[in-house]
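Shown below: protein.tsv, with TSV, C-alpha atoms and all ligand atoms.
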```tsv
chain	number	residue	atom	x	y	z
A	1126	MET	CA	123.13	90.29	111.68
A	1127	GLU	CA	120.15	90.95	109.46
A	1128	ASN	CA	119.37	94.52	108.76
A	1129	ILE	CA	115.80	95.37	109.79
A	1130	GLN	CA	115.42	97.87	106.98
A	1131	ASP	CA	116.61	95.35	104.40
A	1132	LYS	CA	114.10	92.89	105.80
A	1133	SER	CA	111.22	95.26	105.18
A	1134	ILE	CA	112.50	96.19	101.72
A	1135	GLU	CA	112.74	92.49	100.98
A	1136	ARG	CA	109.09	92.04	101.94
A	1137	LEU	CA	108.10	94.96	99.72
A	1138	ALA	CA	110.07	93.59	96.78
A	1139	THR	CA	108.67	90.07	97.18
A	1140	CYS	CA	105.16	91.42	97.38
A	1141	LEU	CA	105.52	93.64	94.32
A	1142	GLN	CA	107.09	90.79	92.41
A	1143	SER	CA	104.33	88.34	93.20
A	1144	TYR	CA	101.66	90.93	92.37
A	1145	LEU	CA	103.29	91.68	89.03
A	1146	ASN	CA	103.50	87.96	88.33
A	1147	LEU	CA	99.73	88.02	88.05
A	1148	GLN	CA	99.97	90.60	85.27
A	1149	GLN	CA	100.68	90.01	81.65
A	1150	LYS	CA	104.20	91.28	81.26
A	1151	GLU	CA	103.75	92.87	77.86
A	1152	LYS	CA	103.73	96.41	79.17
A	1153	ALA	CA	107.18	97.96	79.42
A	1154	GLU	CA	106.37	99.56	82.77
A	1155	ILE	CA	105.44	96.17	84.27
A	1156	LYS	CA	108.71	94.64	83.09
A	1157	PHE	CA	110.52	97.66	84.48
A	1158	LEU	CA	108.96	97.45	87.96
A	1159	ALA	CA	109.31	93.67	88.11
A	1160	MET	CA	112.98	93.99	87.21
A	1161	VAL	CA	113.61	96.58	89.94
A	1162	ALA	CA	111.97	94.19	92.43
A	1163	ARG	CA	114.07	91.27	91.19
A	1164	LEU	CA	117.35	93.18	91.31
A	1165	THR	CA	116.46	94.49	94.77
A	1166	LEU	CA	116.02	90.94	96.04
A	1167	GLN	CA	119.30	89.88	94.45
A	1168	LYS	CA	121.11	92.77	96.13
A	1169	ILE	CA	119.65	91.99	99.54
A	1170	GLN	CA	120.64	88.36	99.17
A	1171	SER	CA	124.19	89.33	98.29
A	1172	GLY	CA	124.31	91.84	101.15
A	1173	THR	CA	124.69	94.99	99.03
A	1174	ASP	CA	122.78	98.26	99.22
A	1175	PRO	CA	119.35	97.60	97.61
A	1176	VAL	CA	119.41	100.63	95.33
A	1177	ILE	CA	119.32	99.90	91.64
A	1178	ASN	CA	121.28	102.11	89.32
A	1179	SER	CA	120.08	102.89	85.83
A	1180	LYS	CA	122.84	101.08	84.04
A	1181	GLU	CA	122.32	97.69	85.65
A	1182	LEU	CA	118.57	98.03	85.19
A	1183	PHE	CA	119.03	98.98	81.53
A	1184	LEU	CA	121.31	96.04	80.84
A	1185	GLU	CA	118.83	93.61	82.36
A	1186	LEU	CA	115.93	95.06	80.39
A	1187	PHE	CA	117.81	95.52	77.11
A	1188	PRO	CA	120.66	92.99	77.11
A	1189	MET	CA	121.54	93.95	73.53
A	1190	GLY	CA	121.06	97.67	74.11
A	1191	ASP	CA	123.66	100.40	73.80
A	1192	VAL	CA	124.37	101.81	77.27
A	1193	LYS	CA	124.60	105.30	75.77
A	1194	ASN	CA	120.80	105.21	75.50
A	1195	THR	CA	120.27	104.32	79.15
A	1196	SER	CA	118.70	107.60	80.30
A	1197	THR	CA	116.46	108.07	77.27
A	1198	LYS	CA	115.22	104.50	77.19
A	1199	LEU	CA	114.50	104.32	80.90
A	1200	ALA	CA	112.98	107.81	80.98
A	1201	ASN	CA	110.60	106.79	78.19
A	1202	ILE	CA	109.30	103.91	80.27
A	1203	TRP	CA	109.33	105.79	83.56
A	1204	ARG	CA	107.12	108.49	82.01
A	1205	ASN	CA	104.22	106.00	81.91
A	1206	VAL	CA	104.70	104.70	85.43
A	1207	PRO	CA	102.63	107.42	87.22
A	1208	ASP	CA	99.54	106.68	85.09
A	1209	PHE	CA	100.02	102.98	85.60
A	1210	GLN	CA	100.36	103.59	89.33
A	1211	VAL	CA	97.04	105.45	89.45
A	1212	SER	CA	95.31	102.63	87.64
A	1213	VAL	CA	96.70	99.83	89.83
A	1214	ARG	CA	97.39	101.34	93.25
A	1215	ASN	CA	94.13	100.18	94.81
A	1216	ARG	CA	94.64	96.70	93.46
A	1217	VAL	CA	98.27	96.58	94.66
A	1218	SER	CA	97.13	97.90	98.05
A	1219	GLU	CA	94.52	95.15	98.35
A	1220	TYR	CA	97.11	92.59	97.40
A	1221	ALA	CA	99.63	94.00	99.88
A	1222	VAL	CA	97.13	93.85	102.76
A	1223	ASN	CA	95.52	90.57	101.80
A	1224	ASN	CA	98.39	88.49	100.49
A	1225	CYS	CA	101.53	90.05	101.95
A	1226	GLN	CA	100.25	91.28	105.34
A	1227	LEU	CA	101.73	94.71	104.71
A	1228	GLU	CA	100.47	98.04	106.01
A	1229	VAL	CA	101.77	99.93	103.00
A	1230	TYR	CA	101.83	99.09	99.33
A	1231	PRO	CA	105.09	98.42	97.50
A	1232	TRP	CA	106.16	100.70	94.69
A	1233	VAL	CA	109.31	101.97	93.04
A	1234	GLU	CA	110.79	105.39	93.63
A	1235	LYS	CA	113.16	107.19	91.31
A	1236	ILE	CA	116.04	109.00	92.94
A	1237	GLU	CA	117.12	111.77	90.59
A	1238	SER	CA	120.84	112.25	90.21
A	1239	ASP	CA	122.39	115.57	91.15
A	1240	GLY	CA	123.20	116.08	87.49
A	1241	GLY	CA	126.95	115.52	87.53
A	1242	ALA	CA	128.53	113.92	84.49
A	1243	GLY	CA	127.86	110.20	84.40
A	1244	ASN	CA	125.47	110.40	87.34
A	1245	LEU	CA	122.37	108.48	86.38
A	1246	ALA	CA	119.10	108.17	88.22
A	1247	LYS	CA	118.64	105.32	90.67
A	1248	TYR	CA	115.58	103.34	91.70
A	1249	ARG	CA	114.54	101.75	94.94
A	1250	LEU	CA	111.60	99.96	96.55
A	1251	ILE	CA	109.41	102.00	98.86
A	1252	GLY	CA	106.21	101.47	100.81
A	1253	LEU	CA	103.43	103.97	100.14
A	1254	ALA	CA	100.39	104.80	102.27
A	1255	ILE	CA	97.27	102.80	101.55
A	1256	ASN	CA	93.97	104.59	101.13
A	1257	LYS	CA	91.89	102.24	103.26
A	1258	ALA	CA	88.56	103.74	102.18
A	1259	GLU	CA	89.25	102.80	98.57
A	1260	ILE	CA	90.22	99.18	98.98
A	1261	ALA	CA	88.27	96.03	99.62
A	1262	SER	CA	88.73	94.62	103.09
A	1263	PRO	CA	90.89	91.50	103.53
A	1264	ASN	CA	89.34	88.26	102.41
A	1265	VAL	CA	87.70	86.70	105.46
A	1266	TYR	CA	86.54	83.62	103.56
A	1267	ARG	CA	89.89	82.21	102.61
A	1268	LYS	CA	90.45	80.77	106.08
A	1269	THR	CA	87.02	79.22	106.48
A	1270	LEU	CA	86.21	77.94	103.00
A	1271	GLN	CA	88.01	75.16	101.27
A	1272	HIS	CA	89.13	76.32	97.85
A	1273	ASP	CA	91.43	75.47	95.00
A	1274	ILE	CA	92.05	78.95	93.73
A	1275	GLU	CA	91.91	82.53	94.93
A	1276	TYR	CA	91.23	85.39	92.53
A	1277	THR	CA	92.86	88.80	92.69
A	1278	PRO	CA	91.52	91.84	90.89
A	1279	VAL	CA	94.20	93.35	88.67
A	1280	GLN	CA	93.94	96.43	86.56
A	1281	ASP	CA	95.88	94.85	83.76
A	1282	PHE	CA	93.84	94.96	80.60
A	1283	LYS	CA	93.37	96.62	77.27
A	1284	PRO	CA	90.14	98.59	77.19
A	1285	SER	CA	88.78	99.98	73.95
A	1286	TRP	CA	88.86	103.69	73.09
A	1287	LEU	CA	85.17	103.83	74.00
A	1288	ALA	CA	85.92	102.55	77.51
A	1289	ARG	CA	88.71	105.11	77.84
A	1290	ILE	CA	86.27	107.91	77.05
A	1291	PHE	CA	83.54	106.52	79.25
A	1292	PHE	CA	85.44	105.45	82.35
A	1293	ASP	CA	87.85	107.40	84.53
A	1294	LYS	CA	91.52	106.55	84.92
A	1295	GLU	CA	90.73	103.80	87.39
A	1296	PHE	CA	88.08	102.43	85.04
A	1297	GLU	CA	85.25	103.28	87.36
A	1298	ILE	CA	82.10	105.30	86.79
A	1299	ILE	CA	79.59	106.83	89.13
A	1300	GLY	CA	76.66	109.23	88.75
A	1301	TYR	CA	74.85	109.73	85.46
A	1302	LYS	CA	77.48	107.82	83.49
A	1303	LYS	CA	76.79	104.79	85.63
A	1304	TRP	CA	73.14	104.93	84.61
A	1305	MET	CA	74.13	105.43	81.00
A	1306	MET	CA	76.26	102.37	81.32
A	1307	ILE	CA	73.43	100.34	82.78
A	1308	PHE	CA	70.98	101.57	80.17
A	1309	PHE	CA	73.42	101.44	77.28
A	1310	PRO	CA	72.13	97.97	76.34
A	1311	LEU	CA	68.62	99.41	76.13
A	1312	VAL	CA	69.84	101.96	73.59
A	1313	GLU	CA	71.56	99.18	71.72
A	1314	MET	CA	68.36	97.13	71.75
A	1315	LEU	CA	66.36	100.09	70.47
A	1316	PHE	CA	68.79	100.35	67.58
A	1317	TYR	CA	68.34	96.68	66.72
A	1318	ILE	CA	64.54	96.99	66.93
A	1319	LEU	CA	64.61	99.93	64.52
A	1320	MET	CA	66.81	97.92	62.20
A	1321	ILE	CA	64.42	94.98	62.37
A	1322	ILE	CA	61.43	97.24	61.58
A	1323	VAL	CA	63.18	98.87	58.61
A	1324	LEU	CA	64.21	95.49	57.23
A	1325	LEU	CA	60.73	94.03	57.69
A	1326	ILE	CA	59.23	96.96	55.78
A	1327	ALA	CA	61.83	96.55	53.04
A	1328	LEU	CA	61.09	92.83	52.79
A	1329	ARG	CA	57.32	93.22	52.92
A	1330	ASP	CA	56.73	93.66	49.20
A	1331	GLN	CA	59.23	91.14	48.02
A	1332	THR	CA	58.17	87.86	46.53
A	1333	LEU	CA	60.04	84.59	46.73
A	1334	ALA	CA	61.47	85.26	43.28
A	1335	ASN	CA	63.19	88.53	44.10
A	1336	LEU	CA	63.87	87.90	47.77
A	1337	SER	CA	67.03	89.61	48.90
A	1338	LEU	CA	69.22	87.18	50.81
A	1339	TYR	CA	71.31	90.11	51.91
A	1340	LYS	CA	68.37	91.71	53.73
A	1341	ILE	CA	67.31	88.39	55.23
A	1342	GLY	CA	70.84	87.94	56.52
A	1343	LEU	CA	70.81	91.40	58.07
A	1344	LEU	CA	67.46	90.69	59.65
A	1345	ILE	CA	68.67	87.47	61.23
A	1346	ALA	CA	71.79	89.24	62.52
A	1347	ALA	CA	69.72	92.08	64.02
A	1348	VAL	CA	67.42	89.62	65.79
A	1349	TRP	CA	70.39	87.66	67.06
A	1350	PHE	CA	72.14	90.79	68.41
A	1351	PHE	CA	68.89	91.95	69.97
A	1352	ILE	CA	68.45	88.67	71.85
A	1353	SER	CA	72.05	88.48	73.02
A	1354	THR	CA	71.97	92.11	74.25
A	1355	LEU	CA	68.72	91.43	76.08
A	1356	ARG	CA	70.27	88.38	77.74
A	1357	ARG	CA	73.33	90.38	78.81
A	1358	PHE	CA	71.12	93.10	80.25
A	1359	GLU	CA	69.16	90.56	82.27
A	1360	ARG	CA	72.34	88.87	83.42
A	1361	PHE	CA	73.92	92.11	84.60
A	1362	ALA	CA	70.73	93.11	86.42
A	1363	ASP	CA	70.60	89.72	88.18
A	1364	ASP	CA	74.25	88.91	88.85
A	1365	ARG	CA	75.74	92.41	88.98
A	1366	ILE	CA	78.78	91.04	87.18
A	1367	ILE	CA	79.24	90.07	83.54
A	1368	ILE	CA	82.04	89.72	81.06
A	1369	THR	CA	81.87	93.23	79.64
A	1370	SER	CA	80.58	94.13	76.21
A	1371	ASP	CA	82.97	93.81	73.28
A	1372	HIS	CA	82.59	97.56	72.83
A	1373	PHE	CA	84.66	98.10	75.96
A	1374	MET	CA	87.41	95.61	75.22
A	1375	ALA	CA	90.30	96.16	72.86
A	1376	TRP	CA	90.84	93.63	70.10
A	1377	GLY	CA	92.10	90.35	71.53
A	1378	GLU	CA	90.91	91.06	75.09
A	1379	LEU	CA	88.39	88.55	76.35
A	1380	SER	CA	88.15	88.56	80.08
A	1381	ILE	CA	87.36	92.05	81.36
A	1382	VAL	CA	84.42	92.02	83.72
A	1383	GLN	CA	82.00	94.81	84.40
A	1384	GLU	CA	80.63	94.82	87.92
A	1385	VAL	CA	78.63	96.88	90.35
A	1386	VAL	CA	80.57	97.62	93.52
A	1387	THR	CA	79.11	99.04	96.70
A	1388	VAL	CA	81.23	101.70	98.37
A	1389	ASN	CA	80.95	102.00	102.13
A	1390	ASP	CA	82.60	104.47	104.46
A	1391	GLU	CA	84.95	103.44	107.27
A	1392	ASN	CA	82.03	102.56	109.54
A	1393	ASP	CA	80.51	100.35	106.90
A	1394	ASN	CA	77.71	102.77	106.09
A	1395	PHE	CA	76.52	102.70	102.53
A	1396	LEU	CA	77.84	105.58	100.43
A	1397	TYR	CA	77.12	104.80	96.79
A	1398	LYS	CA	77.42	102.18	94.09
A	1399	LYS	CA	79.78	102.33	91.19
A	1400	VAL	CA	80.32	100.33	88.04
A	1401	ARG	CA	83.87	99.31	87.30
A	1402	LEU	CA	85.81	97.36	84.75
A	1403	THR	CA	88.31	94.98	86.17
A	1404	LYS	CA	90.02	91.73	85.58
A	1405	TYR	CA	90.27	88.92	88.07
A	1406	VAL	CA	93.14	86.53	87.78
A	1407	GLY	CA	94.42	83.59	89.73
A	1408	ILE	CA	97.22	81.06	89.43
A	1409	CYS	CA	96.24	77.59	88.25
A	1410	PRO	CA	97.00	75.10	91.06
A	1411	ILE	CA	97.53	72.35	88.49
A	1412	CYS	CA	99.99	73.97	86.11
A	1413	ASN	CA	100.80	77.40	87.60
A	1414	ALA	CA	99.60	79.28	84.54
A	1415	ARG	CA	97.44	82.36	84.76
A	1416	VAL	CA	93.71	81.79	85.19
A	1417	GLU	CA	91.37	84.39	83.70
A	1418	LEU	CA	87.63	84.72	83.78
A	1419	ALA	CA	85.53	83.68	80.83
A	1420	LYS	CA	82.02	82.71	79.96
A	1421	GLY	CA	81.05	79.29	81.26
A	1422	GLU	CA	79.17	78.28	78.13
A	1423	PRO	CA	78.64	75.65	76.83
A	1424	ASP	CA	79.44	73.37	79.79
A	1425	PHE	CA	78.64	75.81	82.59
A	1426	PRO	CA	75.80	77.94	81.26
A	1427	LYS	CA	75.02	81.32	82.84
A	1428	ARG	CA	78.21	81.22	84.87
A	1429	ILE	CA	81.46	83.09	84.83
A	1430	VAL	CA	84.30	80.64	85.30
A	1431	GLY	CA	88.07	80.81	85.61
A	1432	ARG	CA	89.90	79.24	82.70
A	1433	CYS	CA	93.59	78.44	82.74
A	1434	LYS	CA	95.61	79.89	79.85
A	1435	GLU	CA	97.41	76.61	79.28
A	1436	SER	CA	94.40	74.35	79.38
A	1437	PRO	CA	91.28	76.50	79.09
A	1438	ARG	CA	88.83	73.64	78.60
A	1439	GLU	CA	90.13	71.31	81.31
A	1440	HIS	CA	91.54	73.48	84.10
A	1441	VAL	CA	88.27	75.22	84.84
A	1442	TYR	CA	87.37	76.78	88.20
A	1443	SER	CA	84.28	78.30	89.68
A	1444	PHE	CA	84.32	82.01	90.41
A	1445	ASP	CA	82.47	83.67	93.25
A	1446	ARG	CA	82.82	87.42	93.41
A	1447	VAL	CA	81.81	87.53	97.07
A	1448	THR	CA	84.42	85.13	98.40
A	1449	MET	CA	86.92	85.61	95.54
A	1450	LEU	CA	87.52	81.89	95.77
A	1451	GLY	CA	86.92	79.03	93.40
A	1452	ASN	CA	86.94	75.28	93.14
A	1453	MET	CA	87.74	72.92	90.32
A	1454	LEU	CA	84.78	72.19	88.10
A	1455	ARG	CA	86.33	69.30	86.21
A	1456	GLY	CA	86.31	66.53	88.74
A	1457	PHE	CA	89.92	66.36	89.77
A	1458	SER	CA	90.90	67.64	93.14
A	1459	ILE	CA	94.26	68.51	94.58
A	1460	GLN	CA	95.73	65.60	96.47
A	1461	GLU	CA	96.72	66.36	100.00
A	1462	ASN	CA	100.31	65.51	100.71
A	1463	LYS	CA	99.61	62.77	103.24
A	1464	GLN	CA	102.61	61.24	104.94
G	1	ZN	ZN	96.27	74.99	84.37
```

Could I get this structure in the form of structure tokens?
Amino acid sequence: MENIQDKSIERLATCLQSYLNLQQKEKAEIKFLAMVARLTLQKIQSGTDPVINSKELFLELFPMGDVKNTSTKLANIWRNVPDFQVSVRNRVSEYAVNNCQLEVYPWVEKIESDGGAGNLAKYRLIGLAINKAEIASPNVYRKTLQHDIEYTPVQDFKPSWLARIFFDKEFEIIGYKKWMMIFFPLVEMLFYILMIIVLLIALRDQTLANLSLYKIGLLIAAVWFFISTLRRFERFADDRIIITSDHFMAWGELSIVQEVVTVNDENDNFLYKKVRLTKYVGICPICNARVELAKGEPDFPKRIVGRCKESPREHVYSFDRVTMLGNMLRGFSIQENKQ
């Protein structure tokens, strides 16, 4: 007979696993949580108690590791889990409600040992309460609109140090900082204008013979930056979502979006607006790779599109932040399995 409790733990583990699949698994804490979920599923399938002990977890994570280091190594990773939890819990909650039909969100709990010799900590899957006020309501469009891909917001990205100072732990801002954020491009533009004026004055008295190419170059760069900042400002004002400024992304990050989100209370009354950084990802229906948002240019100007990691120029999808759905933009369509 199937154990009801195991059944619900199985659902939690499956949900956590599929959520973490959307993340880039470079972070140690993501690998850690995904491994606990995987081992939990294995244990349920083999009919054993779904509690994971440190040693088996350690050996899966560090196959070459020395088991003597189990507690230290795992404790080092576990130390970062609470911060990671704060940054992703709303996203995991949304995923749990929307994609797994759960009332709680899946997470991992550490069971401390009672300290006896050789007694190591254990880990298990638990369901935690969802803060309904903080999460987006389930996607009502997915049933009514035909789509090729569904996007999920994940909090899995590398922000720059500037973004860490500016945004809170959940990468959201409200109040005066929100206005600073919105007007930050204006300050940037002012800086470029000043630069242009200074350079024009410096170039004024020069003749063709002693013309400084260096200053001309700087001038062209300043004009170019001014125009691109102006365009971004317009775009954000119109669309309320843009790929965020390079200032807020760590080196190598490309697809963090900055968006204005309206926060309503439980009765759908308007409370306030906030600006947040987030990342939307989906799974490519053609090749199963991760799809991330990117600028549509040059083929899809003024649009944010989803580009597959494996084939970023061919597996391209539309992105609609209202429906969180997208369709292929490259002409192929998924063939229905007609019998
Ligand atoms: Zn693909």

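Atom pair atom CA of Gly1431 of chain A / atom CA of Pro1410 of chain A has a distance of 11.9 Å (rounded to one decimal).
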
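Across A:Pro1310, A:Pro1284, A:Pro1437, A:Pro1423, the tightest approach to ligand ZN 1 (chain G) is made by A:Pro1437 when counting only C-alpha atoms and all ligand atoms.
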
Nearby residues, ligand ZN 1 (chain G), 6 Å, only C-alpha atoms and all ligand atoms, as a VMD selection string: chain A and resid 1409 1411 to 1412 1414 1433 1435 to 1436 1440

Surrounding residues of Ile1307 of chain A excluding itself and chain neighbours under 2 positions, 12 Å, only C-alpha atoms, as a ChimeraX atom specification: /A:1298-1305,1309-1313,1354,1357-1362,1365-1367,1369-1370,1383-1385,1399-1401

Nearest to Arg1432 of chain A, chosen from A:Ile1274, A:Leu1158, A:Val1229, A:Ala1375, with only C-alpha atoms counted in the distances: A:Ile1274

Option closest in space to Arg1204 of chain A, from A:Ile1381, A:Leu1250, A:Ala1288, A:Ala1153 [counting all atoms listed in the file]: A:Ala1153
